[in-house]
Structure formats: C-alpha cells, structure tokens
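Novice: Following this line is coords38.cif, made up of mmCIF, C-alpha atoms:
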```cif
data_structure
loop_
_atom_site.label_atom_id
_atom_site.label_comp_id
_atom_site.auth_asym_id
_atom_site.auth_seq_id
_atom_site.Cartn_x
_atom_site.Cartn_y
_atom_site.Cartn_z
CA MET A 1 1.24 9.71 17.07
CA ALA A 2 0.67 6.66 14.96
CA ASN A 3 -0.89 5.40 11.79
CA ILE A 4 -3.94 3.22 12.40
CA GLN A 5 -5.20 0.73 9.86
CA SER A 6 -8.71 1.68 8.90
CA ILE A 7 -11.23 2.23 6.19
CA SER A 8 -11.83 5.93 5.90
CA SER A 9 -15.19 6.74 7.43
CA SER A 10 -15.75 9.26 4.67
CA PHE A 11 -15.27 6.47 2.12
CA LYS A 12 -18.35 4.68 3.43
CA THR A 13 -20.64 7.57 2.78
CA GLU A 14 -18.87 8.37 -0.46
CA LEU A 15 -19.64 4.87 -1.68
CA MET A 16 -23.28 5.67 -1.13
CA ASN A 17 -22.86 8.89 -3.06
CA SER A 18 -21.05 7.22 -5.98
CA PHE A 19 -17.86 9.16 -5.61
CA HIS A 20 -15.77 6.07 -6.31
CA SER A 21 -15.81 3.71 -9.26
CA PHE A 22 -13.48 0.71 -9.14
CA GLY A 23 -14.95 -0.75 -12.32
CA VAL A 24 -16.34 0.42 -15.65
CA SER A 25 -19.98 -0.43 -14.95
CA ASN A 26 -20.75 2.85 -13.33
CA THR A 27 -23.62 5.19 -14.00
CA ARG A 28 -21.92 8.52 -13.53
CA GLY A 29 -21.97 9.40 -17.21
CA SER A 30 -18.62 7.79 -17.89
CA SER A 31 -17.48 4.26 -18.57
CA VAL A 32 -13.98 4.93 -17.30
CA ALA A 33 -12.91 3.59 -13.95
CA ASP A 34 -11.36 6.03 -11.51
CA THR A 35 -7.62 6.01 -10.92
CA PHE A 36 -6.60 4.83 -7.50
CA LYS A 37 -3.14 5.42 -6.11
CA ALA A 38 -1.00 4.16 -3.24
CA ALA A 39 1.26 6.45 -1.22
CA LEU A 40 3.64 5.62 1.63
CA PHE A 41 3.55 7.39 4.98
CA LEU A 42 6.04 7.85 7.78
CA SER A 43 5.60 6.06 11.08
CA SER A 44 5.25 9.49 12.65
CA ALA A 45 2.22 10.34 10.51
CA THR A 46 -1.29 10.19 11.87
CA LEU A 47 -3.46 8.61 9.21
CA ASN A 48 -6.57 6.84 10.45
CA ALA A 49 -10.30 6.45 9.85
CA ALA A 50 -10.75 10.19 10.08
CA THR A 51 -8.43 10.79 7.13
CA THR A 52 -10.64 12.01 4.31
CA ALA A 53 -8.12 12.63 1.53
CA TYR A 54 -4.54 12.19 0.45
CA SER A 55 -2.14 14.91 1.54
CA THR A 56 1.63 15.15 1.36
CA THR A 57 1.74 15.77 5.11
CA GLY A 58 3.62 12.85 6.61
CA GLU A 59 4.32 11.22 3.26
CA VAL A 60 7.73 9.62 2.82
CA ILE A 61 10.46 11.59 1.10
CA GLY A 62 13.42 9.88 -0.47
CA THR A 63 15.51 9.17 -3.50
CA GLY A 64 13.47 7.51 -6.22
CA TYR A 65 10.12 8.18 -4.54
CA THR A 66 7.61 10.53 -6.17
CA ALA A 67 5.05 12.28 -4.00
CA GLY A 68 1.59 10.85 -4.57
CA GLY A 69 2.84 7.30 -4.86
CA VAL A 70 2.05 4.80 -7.57
CA ILE A 71 -1.07 3.95 -9.55
CA ALA A 72 -2.98 0.86 -8.48
CA ALA A 73 -3.34 -1.41 -11.49
CA SER A 74 -6.93 -1.41 -12.63
CA SER A 75 -9.10 -4.26 -11.47
CA ALA A 76 -12.85 -4.74 -11.57
CA PRO A 77 -14.65 -5.37 -8.32
CA ALA A 78 -16.23 -8.77 -8.03
CA LEU A 79 -18.58 -10.74 -5.82
CA ASP A 80 -17.63 -13.85 -3.88
CA GLY A 81 -20.75 -15.21 -2.27
CA THR A 82 -22.21 -12.20 -0.49
CA THR A 83 -18.92 -10.33 -0.21
CA ALA A 84 -17.90 -7.70 -2.73
CA HIS A 85 -14.16 -7.40 -3.07
CA TRP A 86 -11.50 -5.42 -4.91
CA THR A 87 -7.76 -5.86 -5.15
CA PRO A 88 -5.38 -4.07 -7.51
CA ALA A 89 -4.28 -6.25 -10.42
CA ALA A 90 -0.59 -5.85 -9.57
CA ASN A 91 1.64 -5.37 -6.56
CA PHE A 92 2.63 -1.89 -5.45
CA SER A 93 6.34 -1.53 -6.04
CA TRP A 94 9.00 1.11 -5.80
CA THR A 95 12.29 0.30 -7.50
CA THR A 96 15.72 1.54 -6.44
CA VAL A 97 14.57 3.85 -3.69
CA THR A 98 16.17 5.09 -0.52
CA LEU A 99 13.68 5.81 2.24
CA SER A 100 15.76 6.57 5.30
CA THR A 101 13.01 7.71 7.66
CA PRO A 102 10.91 4.86 9.06
CA PHE A 103 7.55 4.38 7.40
CA ASP A 104 4.77 1.97 8.23
CA ALA A 105 1.67 2.70 6.20
CA VAL A 106 0.27 2.89 2.71
CA GLN A 107 -2.77 4.97 1.89
CA ILE A 108 -5.00 4.06 -1.03
CA TYR A 109 -6.87 7.01 -2.45
CA ASN A 110 -8.91 8.04 -5.44
CA SER A 111 -6.90 10.48 -7.54
CA SER A 112 -9.82 10.92 -9.93
CA GLN A 113 -12.09 12.20 -7.18
CA ALA A 114 -10.20 14.95 -5.39
CA ASN A 115 -7.79 12.43 -3.83
CA ARG A 116 -10.52 11.08 -1.57
CA SER A 117 -9.22 8.43 0.81
CA VAL A 118 -10.19 4.77 0.62
CA GLY A 119 -8.16 3.44 3.49
CA VAL A 120 -4.86 2.99 5.28
CA TYR A 121 -2.89 -0.23 5.67
CA THR A 122 -0.11 -0.60 8.23
CA PHE A 123 2.72 -3.10 8.12
CA GLY A 124 5.36 -2.31 10.76
CA SER A 125 8.11 0.27 10.52
CA GLN A 126 10.49 -0.12 7.56
CA MET A 127 13.39 1.58 5.83
CA VAL A 128 14.81 0.92 2.38
CA THR A 129 18.37 1.56 1.25
CA ALA A 130 19.10 1.71 -2.48
CA GLY A 131 16.68 -1.16 -2.91
CA ASN A 132 13.16 -2.16 -3.81
CA PHE A 133 10.00 -1.93 -1.75
CA THR A 134 7.10 -4.14 -2.69
CA LEU A 135 3.63 -4.53 -1.24
CA THR A 136 2.41 -7.89 -2.41
CA MET A 137 -1.30 -8.01 -3.06
CA PRO A 138 -3.38 -10.73 -1.44
CA VAL A 139 -5.55 -13.14 -3.39
CA ASP A 140 -8.51 -11.21 -4.74
CA ASP A 141 -11.47 -13.03 -3.25
CA GLY A 142 -14.11 -12.58 -0.61
CA THR A 143 -11.83 -13.79 2.16
CA THR A 144 -8.55 -12.01 1.51
CA GLY A 145 -9.25 -9.27 -1.02
CA LEU A 146 -7.63 -5.97 -0.20
CA LEU A 147 -10.96 -4.21 0.19
CA ARG A 148 -14.11 -6.08 1.07
CA LEU A 149 -17.72 -5.15 1.67
CA GLU A 150 -19.19 -8.00 3.63
CA MET B 1 26.96 -10.27 -11.63
CA LYS B 2 27.02 -6.82 -10.09
CA ILE B 3 24.43 -5.55 -7.64
CA GLN B 4 23.32 -1.94 -7.36
CA THR B 5 24.01 -0.48 -3.92
CA LYS B 6 24.18 2.92 -2.31
CA ILE B 7 27.91 3.06 -3.05
CA GLY B 8 27.60 1.87 -6.61
CA MET B 9 27.70 -1.46 -8.38
CA ILE B 10 29.38 -4.22 -6.38
CA GLU B 11 30.16 -7.78 -7.36
CA ARG B 12 27.61 -10.16 -5.89
CA SER B 13 30.37 -12.38 -4.48
CA GLU B 14 31.66 -9.51 -2.34
CA LEU B 15 28.32 -8.93 -0.65
CA THR B 16 26.83 -10.68 2.35
CA VAL B 17 23.08 -11.15 2.15
CA VAL B 18 20.71 -11.87 5.00
CA ASP B 19 16.96 -12.33 4.68
CA THR B 20 14.92 -11.57 7.77
CA VAL B 21 11.25 -12.44 8.04
CA THR B 22 9.17 -10.75 10.70
CA GLU B 23 5.53 -11.02 11.61
CA GLU B 24 4.00 -7.65 12.25
CA ASP B 25 0.52 -7.11 13.64
CA ASN B 26 -0.91 -6.91 10.18
CA ALA B 27 1.78 -8.06 7.79
CA ARG B 28 4.52 -10.53 7.05
CA VAL B 29 7.66 -8.62 6.14
CA THR B 30 10.73 -9.95 4.38
CA ALA B 31 13.77 -7.67 4.55
CA THR B 32 16.86 -8.45 2.50
CA GLU B 33 19.96 -6.73 3.81
CA TRP B 34 23.11 -6.54 1.72
CA THR B 35 26.35 -5.66 3.52
CA TYR B 36 29.77 -4.85 2.14
CA LYS B 37 32.67 -4.81 4.58
CA ASN B 38 30.17 -4.72 7.45
CA GLU B 39 28.35 -1.70 6.00
CA LEU B 40 24.72 -1.90 5.01
CA VAL B 41 24.72 -0.91 1.36
CA ARG B 42 21.30 -2.09 0.26
CA ARG B 43 18.03 -3.04 1.91
CA ASP B 44 15.01 -4.43 0.09
CA VAL B 45 11.63 -4.98 1.72
CA ASN B 46 8.63 -7.02 0.68
CA VAL B 47 5.38 -6.74 2.60
CA ASN B 48 2.53 -9.20 2.49
CA ILE B 49 -0.53 -7.63 4.05
CA LEU B 50 -2.27 -10.24 6.15
CA ARG B 51 -5.48 -8.49 7.07
CA ALA B 52 -7.34 -6.44 4.54
CA LEU B 53 -9.99 -3.83 5.20
CA SER B 54 -13.62 -4.80 5.28
CA ILE B 55 -16.91 -3.05 5.71
CA SER B 56 -19.61 -5.08 7.35
CA GLY B 57 -23.10 -4.10 6.42
CA GLU B 58 -25.87 -4.33 8.94
CA GLN B 59 -29.55 -4.15 8.22
CA GLU B 60 -32.18 -3.11 10.69
CA SER B 61 -35.61 -4.67 10.65
CA ILE B 62 -38.40 -2.37 9.57
#
```
Would it be possible to restate this file's structure as structure tokens?
Specialist:
Amino acid sequence: MANIQSISSSFKTELMNSFHSFGVSNTRGSSVADTFKAALFLSSATLNAATTAYSTTGEVIGTGYTAGGVIAASSAPALDGTTAHWTPAANFSWTTVTLSTPFDAVQIYNSSQANRSVGVYTFGSQMVTAGNFTLTMPVDDGTTGLLRLE
Amino acid sequence: MKIQTKIGMIERSELTVVDTVTEEDNARVTATEWTYKNELVRRDVNVNILRALSISGEQESI
C-alpha cells in the first residue's frame, strides 16, 4: 500500500482526445480553460498511474481541510525549446489546518472534466498541527515545470 | 506577537521553534515545529517538489 508518483496513464490518451485544456487556446467550442484542483492523500492510499479520476477514497480528513482540495491557479501552457510545460501560477496552500493522519501525496485533477486525473506527486509522509501546509511550485520552464511533455 | 496554536493564541516568546529540513526521494521538506512546555502545539510544513512529471514522446519511423 503506497502512493506512487506518476502521470496518470489515462491522462495521456485523454490529451489526445482533448479532454483537458490548460490554456484558453482550445478548440472545444469554449475559450475557457478547465479548472484543475489539487487534493492531498494519506500515506495509506494507493494512487498511481492507474488512477483515472479523483475520489475521496484515501483523501486526508482534518480540521480546515475541504474535500476536493484547492484550485490550481490558472496558468497557460508554454513551450521551452521542444518541451511543453505547465505549472500553476501559485503555490498550493492550506492555512490553519490540522492533518493528524500521515499524508504523502497530492493529486492534480481536472474538475471541469469529470475529475479526470492528471497525476500524483509524492513528497514523504507529513502531518500538520494547527499550522500551514504549502506545496511550493517549481520554476515553470522546460526543465522544472510541474508537468512537462518532452 | 501571539501565535495561533492548537491550544489557542500563545505569546511568541513562550514558544520554542525548530525548523527541520529533510530530503525526501522527490521533495525537499521544511517542517517548523512549535512547542510550548515540551508539547507540540503547532507544525507547519513546506514542500518543494524536486522532480516533476514528464511525458516523453517517441516517434517511430514510417
């Protein structure tokens, strides 16, 4: 039983089927980018590349935490050389929360498209007591961007 | 200045604060632990993800 960092396999085919739109230049009949969210998962959860969608199963429960997580600040995908990349425009943060059961993963998913999964990031087991939890975003470029298509 | 903790607001001067930085397999984690009379009353965590996710495209020759 463990969370495994991975891009959801379903996400790869869904990219080809235009399920996801990180930017506004899409051709799905709308110029509105999808809403992506970030949710935290317990160390005992089993998220991995086979995870196709967000579910509350295994999600953290605690004071100050709302199921479903937080919205990823909108950011347009960009190209750096031959690598497409996307990183939310702001850090993921939860303020004044108590998460007493160890958690070690964040799932990014598309709440505009039936909560389809983008991927899972792991970071080592943590707990928070009446404090803040922040996931600091990396520099958004072709080398360190949070999501890259190389 | 008072700090919010699990047992209420406590004067900063009465709290002991320790920052711990750990390197996980995929992240650098900074935990800030606030103790009051040897009791953990607040814990903040900041995670810097070190390795993002990438999809590598491959193209077969026709």
Novice: If we count only C-alpha atoms, what is near Asp141 (chain A) at a cut-off of 12 Å, once residues fewer than 5 positions away on the same chain are taken out, given as a PyMOL selection string?
Specialist: (chain A and resi 76-88+146-150) or (chain B and resi 52)
Novice: At most 12 Å from (-6.0, 6.0, 10.6), file frame, only C-alpha atoms: which residues, as a PyMOL selection string?
Specialist: (chain A and resi 1-10+41+43-54+104-108+117-122) or (chain B and resi 53)
Novice: If the PyMOL selection byres ((chain B and resi 21-38) around 6) were run on this exact file, what residues would it hold? Put them as a VMD selection string.
Specialist: (chain A and resid 123 to 124) or (chain B and resid 15 to 20 39 to 51)
Novice: With all atoms listed in the file as the atoms that count, which of A:Ser18, A:Ser93, A:Ser75, A:Thr101 lies nearest to chain B?
Specialist: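 The answer is A:Ser93, which sits nearest to chain B.
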Novice: Could you work out how far CA of Ile61 (chain A) lies from CA of Leu42 (chain A), giving the answer in Å with one decimal?
Specialist: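 For CA of Leu42 (chain A) relative to CA of Ile61 (chain A), the distance reads 8.8 Å.
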Novice: Enumerate, as number ranges by chain, the protein, DNA and RNA residues whose atoms approach (27.2, -11.4, -8.3) to within 6 Å, taking into account all atoms listed in the file and the coordinate frame of the file.
Specialist: B: 1-2, 11-13
Novice: What gap, in Å, lies between CA of Leu99 (chain A) and CA of Thr66 (chain A)?
Specialist: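 CA of Leu99 (chain A) sits 11.4 Å away from CA of Thr66 (chain A).
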Novice: What separation in Å, quoted to one decimal, exists between CA of Ser100 (chain A) and CA of Tyr65 (chain A)?
Specialist: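 If I compute the distance from CA of Ser100 (chain A) to CA of Tyr65 (chain A), I get 11.5 Å.
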Novice: I need the residue nearest chain B from this list: A:Ala114, A:Ala38, A:Val97, A:Ala90. Use only C-alpha atoms for the distance.
Specialist: A:Val97
Novice: Do a neighbour search on Asn91 (chain A) at 6 Å with only C-alpha atoms, toss out local chain neighbours closer than 2 positions, and write the hits as a short mmCIF file (atom, residue, chain, number, x, y, z; two decimals) with C-alpha atoms, in the frame of the given file.
Specialist:
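Writing the result to around-v1.cif gives the following:
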```cif
data_model
loop_
_atom_site.label_atom_id
_atom_site.label_comp_id
_atom_site.auth_asym_id
_atom_site.auth_seq_id
_atom_site.Cartn_x
_atom_site.Cartn_y
_atom_site.Cartn_z
CA LEU A 135 3.63 -4.53 -1.24
CA THR A 136 2.41 -7.89 -2.41
CA MET A 137 -1.30 -8.01 -3.06
#
```
Novice: From the list B:Glu14, B:Ile55, B:Met9, B:Gln4, which residue is nearest Phe11 (chain A) when using all atoms listed in the file?
Specialist: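 Going through B:Glu14, B:Ile55, B:Met9, B:Gln4 one by one, the smallest distance to Phe11 (chain A) is for B:Ile55.
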Novice: Here is a test: counting all atoms listed in the file, which residue of A:Tyr109, A:Phe133, A:Phe22, A:Phe36 is nearest to chain B?
Specialist: A:Phe133
Novice: Could you check the closest approach to chain B for each of A:Thr63, A:Ile71, A:Val32, A:Asn110 and tell me which residue wins, using all atoms listed in the file?
Specialist: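 Of all the options, A:Thr63 lies closest to chain B.
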